[in-house]
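Step one of this worksheet: look at the structure below.
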Amino acid sequence: MDSLVITADSLRLANDSLNFFMQVLPEIKQQLCILKPLIIGLSFMLLVDFLTGIRKAKHLGEKINSKGFRRTISKMNDYCLAIVSSQVFTWMFDLDFTLSYYVALFICGIELKSVYENVSQTTGVNIIGYFKGFIPTPKDLMKKPGKDTEPK
C-alpha cells in the first residue's frame with residue numbers, strides 16, 4: 001500500500017485554500033441571505049399544500065402514510081435547489097434581473113394549483129370560479145364610462 005506523504009507545499013496549499021474560503025464565506029452568506037424570504041415563503045406554501053393534502057386524503061378515505069411526508073420533504077429539497085441554482089446562475093452570468101424570484105414565483109404557482117385542487121376535491125367548491133366575479137376581465141377594464149359602468 002502506498003504511504004501518504006504530506007509535503008510542505010501541500011500543507012501551504014491547503015492553508016491558502018482554507019484562508020481564501022474563510023475570506024469569501026461572509027460574502028457567500030450575505031448573497032444567500034437574499035434568498036431567505038423566498039425560501040420562507042415557499043416553506044409556507046408547502047405547509048399549506050401539505051395540510052390541504054392531508055385533509056383531502058382524509059376526506060377521500062385514503063390511508064395517510066409516509067410516502068406523502070417524503071414527497072413533501074423531497075419537493076422542499078428540489079425547490080430550494082432550484083432557487084439556489086437560479087441565484088448562482090444569475091451571479092455567474094451577471095444578469096440584470098434576479099432569476100430566483102421568477103423561479104420562486106413559478107414554484108408558488110405550482111403549489112397554489114395543488115392547494116386549489118386539494119380544496120376543490122375536499123369541499124366541492126370551485127375557488128377560482130368563486131373569486132372570478134370579483135376580478136374584472138380585460139374587456140371590463142376597456143369599457144368606457146357610461147350608463148352601465150357608472151355607480152348608482
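By order in the C-alpha cells, chains are A, B, ...; within a chain, residues start at 1; ligands start at 1, following the order shown.
For range 107-115 of chain A, the residues within 10 Å (counting only C-alpha atoms, excluding itself and residues fewer than 5 positions away along the chain) are Leu38, Gly41, Leu42, Ser43, Phe44, Met45, Leu46, Leu47, Val48, Asp49, Phe50, Leu51, Thr52, Gly53, Lys56, Tyr79, Ala82, Ile83, Tyr101, Tyr102, Ser120 and Gln121 of chain A.
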Once you have the residues from the selection above, write them out as a short mmCIF file (atom, residue, chain, number, x, y, z; two decimals), in the first residue's frame, restricted to C-alpha atoms.
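again.cif, freshly written:
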data_model
loop_
_atom_site.label_atom_id
_atom_site.label_comp_id
_atom_site.auth_asym_id
_atom_site.auth_seq_id
_atom_site.Cartn_x
_atom_site.Cartn_y
_atom_site.Cartn_z
CA LEU A 38 -38.14 33.27 -0.90
CA GLY A 41 -42.49 31.94 1.58
CA LEU A 42 -42.02 28.68 -0.25
CA SER A 43 -41.96 26.77 3.04
CA PHE A 44 -45.29 28.36 3.96
CA MET A 45 -46.79 27.34 0.60
CA LEU A 46 -45.53 23.78 1.06
CA LEU A 47 -47.01 23.65 4.56
CA VAL A 48 -50.41 24.80 3.26
CA ASP A 49 -50.22 22.24 0.44
CA PHE A 50 -49.24 19.52 2.92
CA LEU A 51 -52.13 20.33 5.27
CA THR A 52 -54.71 20.55 2.48
CA GLY A 53 -53.34 17.28 1.07
CA LYS A 56 -58.12 15.73 1.10
CA TYR A 79 -37.47 23.66 -4.79
CA ALA A 82 -33.90 25.25 -7.95
CA ILE A 83 -33.93 28.62 -6.17
CA TYR A 101 -37.55 35.46 -7.88
CA TYR A 102 -39.13 34.20 -11.09
CA SER A 120 -61.77 21.75 -4.62
CA GLN A 121 -61.78 17.97 -4.13
#
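Nearest to Asp78 in chain A of all the residues A:Ala104, A:Ile128, A:Gln31, A:Ile6 is A:Ala104, based on only C-alpha atoms.
Among the candidates A:Val88, A:Asn118, A:Leu35, A:Ser74, the one nearest to Ala57 in chain A when counting only C-alpha atoms is A:Asn118.
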* Asked: Please, what distance in Å, to one decimal, runs between CA of Ala8 in chain A and CA of Val24 in chain A?
  -> 24.3 Å
* For Leu32 in chain A, which of A:Val119, A:Ile127, A:Ile54, A:Cys80 is the closest residue, counting only C-alpha atoms? -> A:Cys80
